[in-house]
$ cat input-v6.txt   # compact mmCIF, C-alpha atoms
# COMPACT_ATOMS: atom_id res chain seq x y z
CA MET A 1 72.28 63.80 37.38
CA SER A 2 70.39 60.53 36.99
CA ALA A 3 67.26 60.44 34.82
CA ALA A 4 65.53 58.81 37.80
CA ALA A 5 65.62 62.10 39.75
CA PRO A 6 62.35 64.05 40.20
CA TRP A 7 61.25 65.97 37.12
CA SER A 8 61.50 69.40 38.79
CA GLN A 9 64.99 68.58 40.03
CA LEU A 10 66.10 67.63 36.51
CA LEU A 11 64.83 70.94 35.12
CA ASP A 12 66.51 73.02 37.82
CA ASP A 13 69.79 71.11 37.53
CA ALA A 14 69.96 71.59 33.74
CA GLU A 15 69.55 75.35 34.11
CA ARG A 16 72.07 75.54 36.95
CA ARG A 17 74.75 73.56 35.10
CA ASP A 18 74.50 75.59 31.89
CA PRO A 19 72.92 79.02 32.52
CA LEU A 20 74.18 80.62 29.29
CA GLY A 21 73.09 77.66 27.16
CA HIS A 22 69.75 77.66 28.94
CA ALA A 23 69.20 81.37 28.18
CA ILE A 24 70.02 80.85 24.49
CA HIS A 25 67.86 77.73 24.37
CA LEU A 26 64.97 79.63 25.94
CA GLY A 27 65.34 82.57 23.55
CA VAL A 28 65.29 80.35 20.46
CA ALA A 29 62.30 78.42 21.81
CA LEU A 30 60.37 81.62 22.51
CA LEU A 31 61.02 82.92 19.00
CA PHE A 32 59.98 79.54 17.59
CA LEU A 33 56.71 79.57 19.53
CA LEU A 34 55.99 83.18 18.58
CA LEU A 35 56.36 82.38 14.88
CA MET A 36 54.53 79.04 14.85
CA PRO A 37 51.04 80.57 14.60
CA ILE A 38 52.24 83.18 12.10
CA GLY A 39 53.64 80.97 9.35
CA THR A 40 54.84 77.47 8.63
CA ALA A 41 58.09 78.42 6.90
CA PRO A 42 59.60 80.62 9.68
CA ALA A 43 58.77 78.01 12.31
CA ASN A 44 60.27 75.22 10.18
CA ILE A 45 63.46 77.23 9.72
CA LEU A 46 63.77 77.90 13.46
CA SER A 47 63.11 74.25 14.33
CA LEU A 48 66.61 73.38 13.07
CA PRO A 49 68.56 75.66 15.47
CA LEU A 50 66.17 74.61 18.25
CA LEU A 51 67.07 70.98 17.66
CA LEU A 52 70.76 71.83 17.27
CA ILE A 53 71.00 73.69 20.57
CA THR A 54 69.21 70.81 22.31
CA LEU A 55 71.87 68.44 20.98
CA LEU A 56 74.73 70.79 21.88
CA ARG A 57 73.41 70.98 25.45
CA TRP A 58 73.14 67.21 25.73
CA ARG A 59 75.35 66.94 28.82
CA ALA A 60 72.95 69.24 30.68
CA VAL A 61 69.62 68.24 29.16
CA GLY A 62 70.29 64.60 28.25
CA PRO A 63 68.74 63.21 31.47
CA ILE A 64 65.57 65.23 30.77
CA VAL A 65 65.27 63.89 27.22
CA VAL A 66 65.93 60.35 28.44
CA ARG A 67 63.29 60.82 31.12
CA LEU A 68 60.92 62.03 28.41
CA LEU A 69 61.13 58.61 26.76
CA ARG A 70 59.08 57.33 29.71
CA TRP A 71 56.27 59.72 28.81
CA PRO A 72 53.36 57.44 27.83
CA PRO A 73 52.57 58.95 24.38
CA VAL A 74 56.17 58.57 23.15
CA PHE A 75 56.15 54.87 22.28
CA PRO A 76 52.86 54.81 20.31
CA ALA A 77 53.80 58.05 18.52
CA LEU A 78 57.19 56.69 17.45
CA ALA A 79 55.62 53.34 16.53
CA LEU A 80 53.06 55.19 14.38
CA ALA A 81 55.82 57.08 12.54
CA ALA A 82 57.67 53.79 11.93
CA TRP A 83 54.50 52.06 10.70
CA MET A 84 53.71 54.99 8.38
CA ALA A 85 57.22 54.73 6.92
CA LEU A 86 56.83 50.99 6.46
CA SER A 87 53.48 51.45 4.72
CA LEU A 88 55.25 53.31 1.90
CA SER A 89 56.42 49.90 0.68
CA TRP A 90 52.87 48.92 -0.32
CA SER A 91 51.50 52.39 -1.18
CA GLU A 92 50.45 53.12 -4.77
CA ASP A 93 51.76 56.67 -4.35
CA PRO A 94 54.92 56.51 -2.21
CA ARG A 95 56.00 59.97 -3.35
CA LEU A 96 52.88 61.55 -1.87
CA GLY A 97 53.25 59.26 1.14
CA SER A 98 56.78 60.54 1.74
CA SER A 99 55.49 64.12 1.82
CA LEU A 100 52.97 63.04 4.49
CA LEU A 101 55.67 61.31 6.51
CA ALA A 102 57.93 64.38 6.62
CA PRO A 103 55.68 66.33 9.07
CA MET A 104 56.21 63.59 11.66
CA ARG A 105 59.46 65.38 12.49
CA VAL A 106 57.33 67.50 14.84
CA LEU A 107 57.65 64.57 17.27
CA LEU A 108 61.02 66.13 18.15
CA ILE A 109 59.38 69.32 19.46
CA PRO A 110 58.56 67.96 22.95
CA ALA A 111 62.19 66.84 23.33
CA CYS A 112 63.39 70.34 22.40
CA LEU A 113 60.95 72.07 24.77
CA ALA A 114 61.14 69.62 27.69
CA PRO A 115 64.30 71.21 29.25
CA LEU A 116 62.42 74.54 29.41
CA LEU A 117 59.19 73.37 31.02
CA ALA A 118 59.99 75.14 34.28
CA ARG A 119 58.94 78.22 32.28
CA ARG A 120 55.69 76.79 30.94
CA GLU A 121 53.73 80.00 31.55
CA LEU A 122 56.29 82.02 29.57
CA LEU A 123 56.27 79.48 26.74
CA GLY A 124 52.48 79.38 26.63
CA GLY A 125 52.19 83.17 26.82
CA THR A 126 54.59 83.60 23.90
CA LEU A 127 52.56 81.15 21.83
CA LEU A 128 49.41 83.14 22.67
CA ALA A 129 51.14 86.34 21.53
CA GLY A 130 51.82 84.79 18.14
CA ILE A 131 48.20 83.63 17.90
CA LEU A 132 46.97 87.15 18.66
CA LEU A 133 49.17 88.60 15.91
CA GLU A 134 47.69 86.11 13.45
CA ALA A 135 44.11 86.74 14.61
CA ALA A 136 44.61 90.52 14.43
CA TYR A 137 45.85 90.27 10.84
CA GLN A 138 42.89 88.08 9.90
CA SER A 139 40.51 90.54 11.56
CA ILE A 140 41.99 93.42 9.57
CA GLU A 141 41.62 91.41 6.36
CA TYR A 142 38.04 90.58 7.23
CA ALA A 143 37.11 94.15 8.19
CA SER A 144 38.61 95.64 5.03
CA ASN A 145 36.71 93.16 2.86
CA ARG A 146 33.54 93.51 4.94
CA LEU A 147 33.45 97.22 4.04
CA SER A 148 33.84 96.45 0.34
CA PRO A 149 30.66 96.64 -1.81
CA ASP A 150 31.68 93.32 -3.39
CA PHE A 151 31.66 91.44 -0.05
CA ASP A 152 29.66 88.21 -0.60
CA GLY A 153 29.00 87.40 3.06
CA LEU A 154 31.68 84.73 3.31
CA GLY A 155 34.97 85.37 5.07
CA ARG A 156 37.83 83.04 4.15
CA PHE A 157 40.88 84.89 5.38
CA GLY A 158 44.03 83.11 6.55
CA GLY A 159 46.11 86.06 7.70
CA PHE A 160 49.75 85.06 7.37
CA PHE A 161 48.69 81.57 6.19
CA THR A 162 47.52 80.85 2.64
CA ASP A 163 45.22 78.16 4.07
CA PRO A 164 42.47 79.59 6.33
CA GLY A 165 41.94 76.12 7.82
CA LYS A 166 45.44 76.07 9.34
CA ALA A 167 44.99 79.59 10.71
CA SER A 168 41.63 78.67 12.24
CA LEU A 169 43.19 75.94 14.40
CA TRP A 170 45.59 78.44 15.96
CA ASP A 171 42.73 80.90 16.43
CA ALA A 172 40.67 78.24 18.22
CA ILE A 173 43.67 77.45 20.44
CA GLY A 174 43.79 81.15 21.30
CA VAL A 175 40.13 81.03 22.32
CA CYS A 176 40.87 78.10 24.63
CA GLY A 177 43.89 79.91 26.06
CA GLY A 178 41.89 83.06 26.77
CA VAL A 179 39.08 81.10 28.41
CA ALA A 180 41.62 79.16 30.49
CA LEU A 181 43.05 82.44 31.81
CA LEU A 182 39.54 83.68 32.54
CA LEU A 183 38.56 80.53 34.44
CA THR A 184 41.71 79.81 36.44
CA LEU A 185 43.70 82.97 37.26
CA PRO A 186 42.93 85.80 39.72
CA ARG A 187 40.33 88.40 38.79
CA ARG A 188 42.86 90.86 37.44
CA TRP A 189 43.40 88.45 34.53
CA CYS A 190 39.70 88.32 33.62
CA VAL A 191 39.81 91.27 31.21
CA ALA A 192 42.96 89.97 29.50
CA GLY A 193 41.50 86.48 29.16
CA ALA A 194 38.24 87.82 27.74
CA ALA A 195 40.07 90.06 25.23
CA ILE A 196 42.30 87.19 24.07
CA ALA A 197 39.31 84.89 23.65
CA LEU A 198 37.26 87.45 21.70
CA LEU A 199 40.09 88.47 19.34
CA SER A 200 40.94 84.82 18.69
CA MET A 201 37.26 84.06 18.05
CA MET A 202 37.24 86.88 15.51
CA GLY A 203 40.08 85.04 13.76
CA VAL A 204 38.07 81.81 13.71
CA ILE A 205 35.11 83.64 12.15
CA ALA A 206 37.33 85.43 9.63
CA SER A 207 38.72 82.06 8.50
CA GLY A 208 35.20 80.86 7.63
CA THR A 209 36.04 77.40 9.02
CA ARG A 210 33.04 75.50 10.33
CA ARG A 211 34.85 72.62 12.00
CA GLN A 212 36.58 74.85 14.56
CA LEU A 213 33.33 76.58 15.46
CA ALA A 214 31.77 73.15 16.00
CA ALA A 215 34.77 71.95 18.01
CA LEU A 216 34.69 75.06 20.23
CA ALA A 217 30.98 74.55 20.82
CA VAL A 218 31.90 71.18 22.35
CA VAL A 219 35.17 72.03 24.11
CA LEU A 220 34.31 75.33 25.83
CA PRO A 221 31.34 73.99 27.86
CA ILE A 222 33.44 70.99 28.87
CA MET A 223 36.21 73.33 30.08
CA ALA A 224 33.69 75.25 32.21
CA LEU A 225 32.17 72.08 33.64
CA ALA A 226 35.61 70.65 34.41
CA VAL A 227 36.61 73.76 36.38
CA LEU A 228 33.31 73.65 38.28
CA ALA A 229 33.87 69.98 39.13
CA VAL A 230 37.31 70.71 40.63
CA LEU A 231 36.55 74.15 42.08
CA PRO A 232 32.83 74.63 42.78
CA ALA A 233 33.64 78.08 44.19
CA ARG A 234 34.40 79.26 40.64
CA ARG A 235 30.70 79.42 39.76
CA ARG A 236 30.81 83.19 39.41
CA ARG A 237 33.88 82.97 37.17
CA VAL A 238 32.14 80.50 34.88
CA LEU A 239 29.14 82.81 34.80
CA VAL A 240 31.41 85.71 33.81
CA ALA A 241 32.87 83.57 31.00
CA ALA A 242 29.37 82.76 29.76
CA LEU A 243 28.44 86.45 29.84
CA VAL A 244 31.58 87.31 27.88
CA VAL A 245 30.52 84.84 25.19
CA ILE A 246 26.94 86.18 25.08
CA VAL A 247 27.77 89.88 25.23
CA GLY A 248 30.78 89.52 22.92
CA GLY A 249 28.70 87.54 20.43
CA ALA A 250 25.96 90.15 20.47
CA ALA A 251 28.49 92.95 19.96
CA LEU A 252 30.23 91.17 17.08
CA TRP A 253 27.06 89.95 15.38
CA PRO A 254 26.48 93.09 13.26
CA ILE A 255 29.99 92.61 11.89
CA VAL A 256 30.25 88.83 11.55
CA GLY A 257 26.64 87.71 11.48
CA THR A 258 26.51 87.66 7.68
CA SER A 259 29.49 85.31 7.44
CA ILE A 260 28.17 82.91 10.06
CA SER A 261 24.67 82.80 8.60
CA THR A 262 26.12 82.26 5.11
CA ARG A 263 28.11 79.25 6.27
CA VAL A 264 25.07 77.86 8.07
CA ARG A 265 22.95 78.21 4.92
CA GLN A 266 25.69 76.50 2.88
CA THR A 267 25.77 73.59 5.32
CA ILE A 268 21.99 73.18 5.23
CA ALA A 269 22.02 73.30 1.43
CA GLN A 270 24.78 70.69 1.29
CA LEU A 271 22.87 68.41 3.62
CA SER A 272 19.60 68.70 1.69
CA ASP A 273 20.64 68.92 -1.99
CA PRO A 274 18.67 66.12 -3.71
CA GLN A 275 20.78 66.26 -6.89
CA LYS A 276 23.90 64.79 -5.35
CA PRO A 277 24.83 61.28 -6.47
CA MET A 278 25.66 60.38 -2.88
CA ASP A 279 21.95 60.77 -2.04
CA ASP A 280 20.85 57.88 -4.24
CA GLY A 281 21.51 55.34 -1.48
CA ARG A 282 24.82 54.04 -2.80
CA LEU A 283 26.74 56.00 -0.19
CA SER A 284 24.42 55.41 2.74
CA SER A 285 25.99 54.53 6.09
CA PRO A 286 25.40 55.53 9.74
CA VAL A 287 27.90 58.38 9.34
CA LEU A 288 27.58 59.43 5.73
CA GLY A 289 23.81 59.43 5.95
CA LEU A 290 24.15 62.41 8.30
CA VAL A 291 27.22 64.16 6.95
CA HIS A 292 26.95 64.99 3.24
CA PHE A 293 29.37 67.84 2.88
CA ASP A 294 29.72 68.18 -0.90
CA LEU A 295 32.59 65.97 -2.11
CA ARG A 296 33.63 64.80 1.32
CA ALA A 297 31.05 62.02 1.31
CA PHE A 298 32.66 60.75 -1.89
CA TYR A 299 36.17 60.91 -0.40
CA TRP A 300 34.99 59.20 2.77
CA ARG A 301 33.16 56.43 0.92
CA ALA A 302 36.21 55.75 -1.26
CA SER A 303 38.47 55.65 1.83
CA ILE A 304 36.11 53.32 3.70
CA ASP A 305 36.02 50.96 0.71
CA ALA A 306 39.84 51.02 0.58
CA TRP A 307 40.05 50.15 4.27
CA LYS A 308 37.61 47.25 3.84
CA ARG A 309 39.93 45.75 1.23
CA GLU A 310 43.01 45.98 3.51
CA PRO A 311 41.68 46.39 7.08
CA PHE A 312 44.91 45.48 8.88
CA THR A 313 47.60 47.28 6.85
CA GLY A 314 45.61 49.85 4.86
CA CYS A 315 46.41 50.97 1.32
CA GLY A 316 49.70 52.60 2.32
CA LEU A 317 50.57 56.19 3.16
CA GLY A 318 49.42 58.48 0.35
CA GLY A 319 47.28 55.77 -1.23
CA THR A 320 43.87 57.41 -0.85
CA ARG A 321 44.48 59.72 -3.82
CA SER A 322 44.78 56.71 -6.16
CA VAL A 323 41.80 55.06 -4.48
CA THR A 324 39.62 58.13 -5.00
CA ALA A 325 40.70 58.53 -8.63
CA SER A 326 39.74 54.94 -9.48
CA HIS A 327 36.56 54.58 -7.40
CA ASP A 328 33.49 53.25 -9.22
CA LEU A 329 31.43 56.33 -8.28
CA ARG A 330 33.93 58.64 -9.99
CA PRO A 331 31.94 58.90 -13.28
CA GLN A 332 28.76 59.87 -11.41
CA MET A 333 30.63 62.49 -9.41
CA GLU A 334 32.10 63.96 -12.60
CA VAL A 335 28.67 64.39 -14.18
CA TRP A 336 27.23 65.98 -11.04
CA LEU A 337 30.19 68.27 -10.37
CA ARG A 338 30.39 69.40 -14.00
CA GLN A 339 26.77 70.51 -13.81
CA GLU A 340 27.37 72.31 -10.50
CA LEU A 341 30.45 74.16 -11.77
CA THR A 342 28.71 75.21 -14.99
CA ARG A 343 25.80 76.60 -12.97
CA GLU A 344 28.02 78.28 -10.35
CA TYR A 345 30.57 79.81 -12.75
CA PRO A 346 28.77 80.63 -16.03
CA ALA A 347 31.38 83.24 -17.00
CA ARG A 348 34.25 80.73 -17.05
CA THR A 349 35.31 78.80 -20.12
CA PRO A 350 34.62 75.03 -20.31
CA GLU A 351 38.37 74.43 -20.06
CA GLU A 352 38.59 76.42 -16.81
CA ASN A 353 35.67 74.53 -15.29
CA GLU A 354 37.15 71.22 -16.41
CA ALA A 355 40.48 72.03 -14.74
CA ASP A 356 38.62 72.98 -11.56
CA LEU A 357 36.62 69.75 -11.71
CA GLN A 358 39.71 67.57 -11.96
CA SER A 359 41.43 69.38 -9.09
CA ARG A 360 38.39 68.89 -6.86
CA LEU A 361 37.86 65.22 -7.65
CA VAL A 362 41.48 64.22 -7.08
CA SER A 363 42.23 65.02 -3.44
CA THR A 364 45.49 64.15 -1.71
CA HIS A 365 43.52 63.21 1.41
CA PRO A 366 39.95 62.23 2.37
CA HIS A 367 39.32 65.36 4.48
CA SER A 368 39.41 63.39 7.72
CA THR A 369 42.61 62.67 9.62
CA TRP A 370 41.18 59.72 11.53
CA LEU A 371 39.74 58.19 8.37
CA GLN A 372 43.00 58.80 6.51
CA LEU A 373 44.91 56.94 9.21
CA LEU A 374 42.43 54.07 9.03
CA ALA A 375 42.42 53.83 5.22
CA GLU A 376 46.17 54.30 4.66
CA THR A 377 47.69 52.59 7.70
CA GLY A 378 44.89 50.20 8.65
CA VAL A 379 43.77 49.25 12.12
CA VAL A 380 47.40 49.18 13.28
CA GLY A 381 48.09 52.83 12.42
CA PHE A 382 44.69 54.02 13.59
CA VAL A 383 45.06 52.39 17.01
CA LEU A 384 48.62 53.71 17.45
CA GLY A 385 47.53 57.24 16.51
CA PHE A 386 44.50 57.20 18.77
CA VAL A 387 46.46 55.79 21.73
CA ALA A 388 49.20 58.42 21.32
CA TRP A 389 46.61 61.20 21.29
CA ALA A 390 44.60 59.72 24.19
CA LEU A 391 47.69 59.38 26.41
CA ALA A 392 48.80 62.96 25.69
CA PHE A 393 45.28 64.21 26.39
CA ALA A 394 45.08 62.20 29.62
CA GLY A 395 48.44 63.62 30.73
CA ALA A 396 47.29 67.21 30.20
CA VAL A 397 44.03 66.51 32.03
CA ARG A 398 45.96 64.95 34.91
CA SER A 399 48.20 68.03 35.16
CA ALA A 400 45.14 70.28 35.24
CA VAL A 401 43.50 68.18 37.97
CA ARG A 402 46.67 68.09 40.08
CA SER A 403 46.77 71.88 40.03
CA SER A 404 43.21 71.92 41.45
CA GLY A 405 42.02 73.88 38.43
CA GLY A 406 44.59 76.64 38.90
CA ASP A 407 46.93 75.88 35.98
CA PRO A 408 45.78 77.69 32.81
CA VAL A 409 48.54 76.09 30.70
CA ALA A 410 47.45 72.54 31.53
CA LEU A 411 43.77 73.40 31.03
CA ALA A 412 44.46 75.07 27.67
CA SER A 413 46.68 72.14 26.61
CA ALA A 414 43.94 69.62 27.36
CA ALA A 415 41.38 71.78 25.54
CA THR A 416 43.69 72.12 22.52
CA LEU A 417 44.17 68.37 22.23
CA GLY A 418 40.41 67.85 22.44
CA LEU A 419 39.83 70.61 19.91
CA TRP A 420 42.23 69.03 17.42
CA ALA A 421 40.69 65.56 17.79
CA ILE A 422 37.21 66.91 16.96
CA GLY A 423 38.40 69.03 14.04
CA ALA A 424 40.40 66.08 12.68
CA LEU A 425 37.13 64.23 12.08
CA PHE A 426 36.27 66.63 9.26
CA ASP A 427 39.58 67.60 7.68
CA ALA A 428 43.12 66.37 7.14
CA SER A 429 45.78 67.55 9.54
CA ILE A 430 48.83 65.45 8.68
CA ASN A 431 51.00 68.51 8.10
CA SER A 432 53.68 70.26 10.09
CA THR A 433 51.42 73.18 11.07
CA THR A 434 48.59 71.28 12.73
CA LEU A 435 50.70 68.40 14.04
CA GLY A 436 53.11 71.00 15.40
CA ALA A 437 50.25 72.56 17.36
CA VAL A 438 49.41 69.14 18.80
CA ALA A 439 53.04 68.47 19.72
CA VAL A 440 53.41 71.84 21.49
CA ALA A 441 50.13 71.37 23.36
CA ALA A 442 51.21 67.91 24.47
CA ALA A 443 54.61 69.20 25.59
CA LEU A 444 53.12 72.07 27.61
CA GLY A 445 50.79 69.59 29.28
CA ILE A 446 53.72 67.74 30.84
CA GLY A 447 54.52 68.21 34.50
CA ARG A 448 54.40 71.39 36.53
CA SER A 449 55.99 74.78 36.24
CA ARG A 450 58.45 76.11 38.79
CA GLY A 451 56.66 76.87 42.00
CA ARG A 452 53.81 74.47 41.36
$ encode --input "input-v6.txt" --output "structure tokens"
Amino acid sequence: MSAAAPWSQLLDDAERRDPLGHAIHLGVALLFLLLMPIGTAPANILSLPLLLITLLRWRAVGPIVVRLLRWPPVFPALALAAWMALSLSWSEDPRLGSSLLAPMRVLLIPACLAPLLARRELLGGTLLAGILLEAAYQSIEYASNRLSPDFDGLGRFGGFFTDPGKASLWDAIGVCGGVALLLTLPRRWCVAGAAIALLSMMGVIASGTRRQLAALAVVLPIMALAVLAVLPARRRRVLVAALVVIVGGAALWPIVGTSISTRVRQTIAQLSDPQKPMDDGRLSSPVLGLVHFDLRAFYWRASIDAWKREPFTGCGLGGTRSVTASHDLRPQMEVWLRQELTREYPARTPEENEADLQSRLVSTHPHSTWLQLLAETGVVGFVLGFVAWALAFAGAVRSAVRSSGGDPVALASAATLGLWAIGALFDASINSTTLGAVAVAAALGIGRSRGR
């Protein structure tokens, strides 16, 4: 079959030519998607057989993969990976840069999933099931600690992940998926969509991650407005979704209110602390003047200074750690942070506080994916990364519009890509877990399912 054939015809032909291979391929993909939100290691292990079976089925799925090369985000994404690899040649820390380049292998995920996109609802549902398992585990962790007399009001629970930040992205994706079901499918799905959204939101709260709460506060209203723009008759459904948020929030507040209010107080304190060296005017800028989250302002200032020195090429992949370690504000930050750690942890020995200080001041990334791309790969890498994301996002939005607001997978995919872009402003996400989530969302946003 020629790669020029219609997309739906290519998918049907691949399944018809190799039904057994298709069934095995689908089974491996479903297991892969189920485990992705549960842990990085199991998903990484399964990615190898998923790639292998795609290659073994090349005669059947080759035209689909070749057709995928015409997908607009492919060229800028591959060009970004190549530019990141090239930047290792001028990086001061190529070893760290190599570890950041390795996660770019997730670019193969859309090629492995593309032959199965006639079953997009099944693929998306399996991913949601994995997210719910993760959110349920986080909720159990949170509840057990919430009942403890030593609970300090701050939940930082990652479930199956050691990093709560990675878990929170999957939780937020689950919220978007539940809301998409609530807004687009028949009424019988309303209860399921609401339950998925609320359990996933509990996972976000249990993680104690502020950036996902902020991103959801932006993305969810946009989702509702987008559905109203395409289907004005869904006003009652949007109202139901809003009531779910209000009633669910009121019901959960006695349980999670302490954690949320604690994080809000921390943020206000970080924004208003007059003792920080970044408040003396040396770090002032239109962005940093508003966002003074503890050491992040220091990381961001160091990264911006590095980019100004090499605006076109950047300092090379992995180079921001060296830049931060040698920045001229480093001595000031050491004095300030040493005082803060001594005050916060009086029971620790000076050696323990000193080790903590050094680990905090030397970060492998500037806690902003977009800024890391700009500082380490220059304008070239930043533009390539933004264009790849924008084209994937536009494709998911186009699929949602073509379905007249009736495709929950496309709507959730578009919301996920928007969610990631907002969260990436405030933390690093060049790792296989978060980039894998982006790759899966982009893949599920391609084309239509069977029958659509």
$ closest_residue --input "input-v6.txt" --among "A:Ala325, A:Leu317, A:Val244, A:Val204" --to "Leu86 in chain A" --atoms "all atoms listed in the file"
A:Leu317
$ closest_residue --input "input-v6.txt" --among "A:Val362, A:Ala14, A:Leu411, A:Ile422" --to "Leu225 in chain A" --atoms "all atoms listed in the file"
A:Leu411
$ residues_around --input "input-v6.txt" --residues "range 396-404 of chain A" --least-positions-apart "2" --cutoff "10 Å" --atoms "all atoms listed in the file" --output "JSON, numbers by chain"
{"A": [184, 226, 227, 229, 230, 231, 390, 391, 392, 393, 394, 406, 407, 408, 409, 410, 411, 412, 413, 414, 415, 416, 417, 441, 442, 443, 444, 445, 446, 447, 448, 452]}
$ closest_residue --input "input-v6.txt" --among "A:Asp93, A:Glu340, A:Asp18, A:Glu376" --to "Ala60 in chain A" --atoms "only C-alpha atoms"
A:Asp18
$ closest_residue --input "input-v6.txt" --among "A:Ala421, A:Ile205, A:Leu361, A:Leu78" --to "Phe386 in chain A" --atoms "only C-alpha atoms"
A:Ala421
$ atom_distance --input "input-v6.txt" --atom1 "CA of Ser89 in chain A" --atom2 "CA of Gly314 in chain A"
11.6 Å
$ closest_residue --input "input-v6.txt" --among "A:Gly124, A:Gly208, A:Gly97, A:Pro76" --to "Cys176 in chain A" --atoms "only C-alpha atoms"
A:Gly124
$ residues_around --input "input-v6.txt" --residues "Asn353 in chain A" --least-positions-apart "2" --cutoff "12 Å" --atoms "only C-alpha atoms" --output "list in words"
Glu334, Leu337, Arg338, Gln339, Glu340, Leu341, Thr342, Arg343, Glu344, Tyr345, Pro346, Ala347, Arg348, Thr349, Pro350, Glu351, Ala355, Asp356, Leu357, Gln358, Ser359 and Arg360 of chain A
$ atom_distance --input "input-v6.txt" --atom1 "CA of Trp58 in chain A" --atom2 "CA of Ile24 in chain A"
14.0 Å
$ closest_residue --input "input-v6.txt" --among "A:Arg321, A:Arg119, A:His327, A:Lys166" --to "His365 in chain A" --atoms "only C-alpha atoms"
A:Arg321
$ atom_distance --input "input-v6.txt" --atom1 "CA of Trp420 in chain A" --atom2 "CA of Ser368 in chain A"
11.6 Å
$ residues_near_point --input "input-v6.txt" --point "(50.3, 87.5, 14.5)" --cutoff "10 Å" --atoms "all atoms listed in the file" --output "PDB file with C-alpha atoms, in the coordinates of the input"
ATOM      1  CA  LEU A  34      55.990  83.180  18.580  1.00  0.00           C
ATOM      2  CA  LEU A  35      56.360  82.380  14.880  1.00  0.00           C
ATOM      3  CA  MET A  36      54.530  79.040  14.850  1.00  0.00           C
ATOM      4  CA  PRO A  37      51.040  80.570  14.600  1.00  0.00           C
ATOM      5  CA  ILE A  38      52.240  83.180  12.100  1.00  0.00           C
ATOM      6  CA  GLY A  39      53.640  80.970   9.350  1.00  0.00           C
ATOM      7  CA  LEU A 127      52.560  81.150  21.830  1.00  0.00           C
ATOM      8  CA  LEU A 128      49.410  83.140  22.670  1.00  0.00           C
ATOM      9  CA  ALA A 129      51.140  86.340  21.530  1.00  0.00           C
ATOM     10  CA  GLY A 130      51.820  84.790  18.140  1.00  0.00           C
ATOM     11  CA  ILE A 131      48.200  83.630  17.900  1.00  0.00           C
ATOM     12  CA  LEU A 132      46.970  87.150  18.660  1.00  0.00           C
ATOM     13  CA  LEU A 133      49.170  88.600  15.910  1.00  0.00           C
ATOM     14  CA  GLU A 134      47.690  86.110  13.450  1.00  0.00           C
ATOM     15  CA  ALA A 135      44.110  86.740  14.610  1.00  0.00           C
ATOM     16  CA  ALA A 136      44.610  90.520  14.430  1.00  0.00           C
ATOM     17  CA  TYR A 137      45.850  90.270  10.840  1.00  0.00           C
ATOM     18  CA  GLN A 138      42.890  88.080   9.900  1.00  0.00           C
ATOM     19  CA  GLY A 159      46.110  86.060   7.700  1.00  0.00           C
ATOM     20  CA  PHE A 160      49.750  85.060   7.370  1.00  0.00           C
TER      21      PHE A 160
END
$ residues_around --input "input-v6.txt" --residues "Cys315 in chain A" --least-positions-apart "5" --cutoff "8 Å" --atoms "all atoms listed in the file" --output "PyMOL selection string"
chain A and resi 87+90-92+306-307+310+320+375-378
$ residues_around --input "input-v6.txt" --residues "Leu48 in chain A" --least-positions-apart "2" --cutoff "12 Å" --atoms "all atoms listed in the file" --output "MDAnalysis selection string"
chainID A and resid 28:29 32 41:46 50:55 105:106 108:109 112
$ build_atoms --input "input-v6.txt" --residues "range 334-343 of chain A" --atoms "N, CA and C atoms" --output "mmCIF file, keeping the file's coordinate frame"
data_model
loop_
_atom_site.group_PDB
_atom_site.id
_atom_site.type_symbol
_atom_site.label_atom_id
_atom_site.label_comp_id
_atom_site.auth_asym_id
_atom_site.auth_seq_id
_atom_site.Cartn_x
_atom_site.Cartn_y
_atom_site.Cartn_z
ATOM 1 N N GLU A 334 31.686 63.043 -11.539
ATOM 2 C CA GLU A 334 32.100 63.960 -12.600
ATOM 3 C C GLU A 334 30.900 64.626 -13.242
ATOM 4 N N VAL A 335 29.873 63.833 -13.544
ATOM 5 C CA VAL A 335 28.670 64.390 -14.180
ATOM 6 C C VAL A 335 28.021 65.423 -13.266
ATOM 7 N N TRP A 336 27.869 65.064 -11.988
ATOM 8 C CA TRP A 336 27.230 65.980 -11.040
ATOM 9 C C TRP A 336 28.036 67.258 -10.854
ATOM 10 N N LEU A 337 29.349 67.110 -10.643
ATOM 11 C CA LEU A 337 30.190 68.270 -10.370
ATOM 12 C C LEU A 337 30.304 69.173 -11.594
ATOM 13 N N ARG A 338 30.339 68.589 -12.792
ATOM 14 C CA ARG A 338 30.390 69.400 -14.000
ATOM 15 C C ARG A 338 29.152 70.287 -14.110
ATOM 16 N N GLN A 339 28.009 69.730 -13.784
ATOM 17 C CA GLN A 339 26.770 70.510 -13.810
ATOM 18 C C GLN A 339 26.824 71.640 -12.769
ATOM 19 N N GLU A 340 27.310 71.306 -11.567
ATOM 20 C CA GLU A 340 27.370 72.310 -10.500
ATOM 21 C C GLU A 340 28.315 73.449 -10.865
ATOM 22 N N LEU A 341 29.483 73.128 -11.425
ATOM 23 C CA LEU A 341 30.450 74.160 -11.770
ATOM 24 C C LEU A 341 29.949 75.044 -12.911
ATOM 25 N N THR A 342 29.271 74.437 -13.880
ATOM 26 C CA THR A 342 28.710 75.210 -14.990
ATOM 27 C C THR A 342 27.658 76.190 -14.492
ATOM 28 N N ARG A 343 26.836 75.732 -13.531
ATOM 29 C CA ARG A 343 25.800 76.600 -12.970
ATOM 30 C C ARG A 343 26.395 77.693 -12.084
#
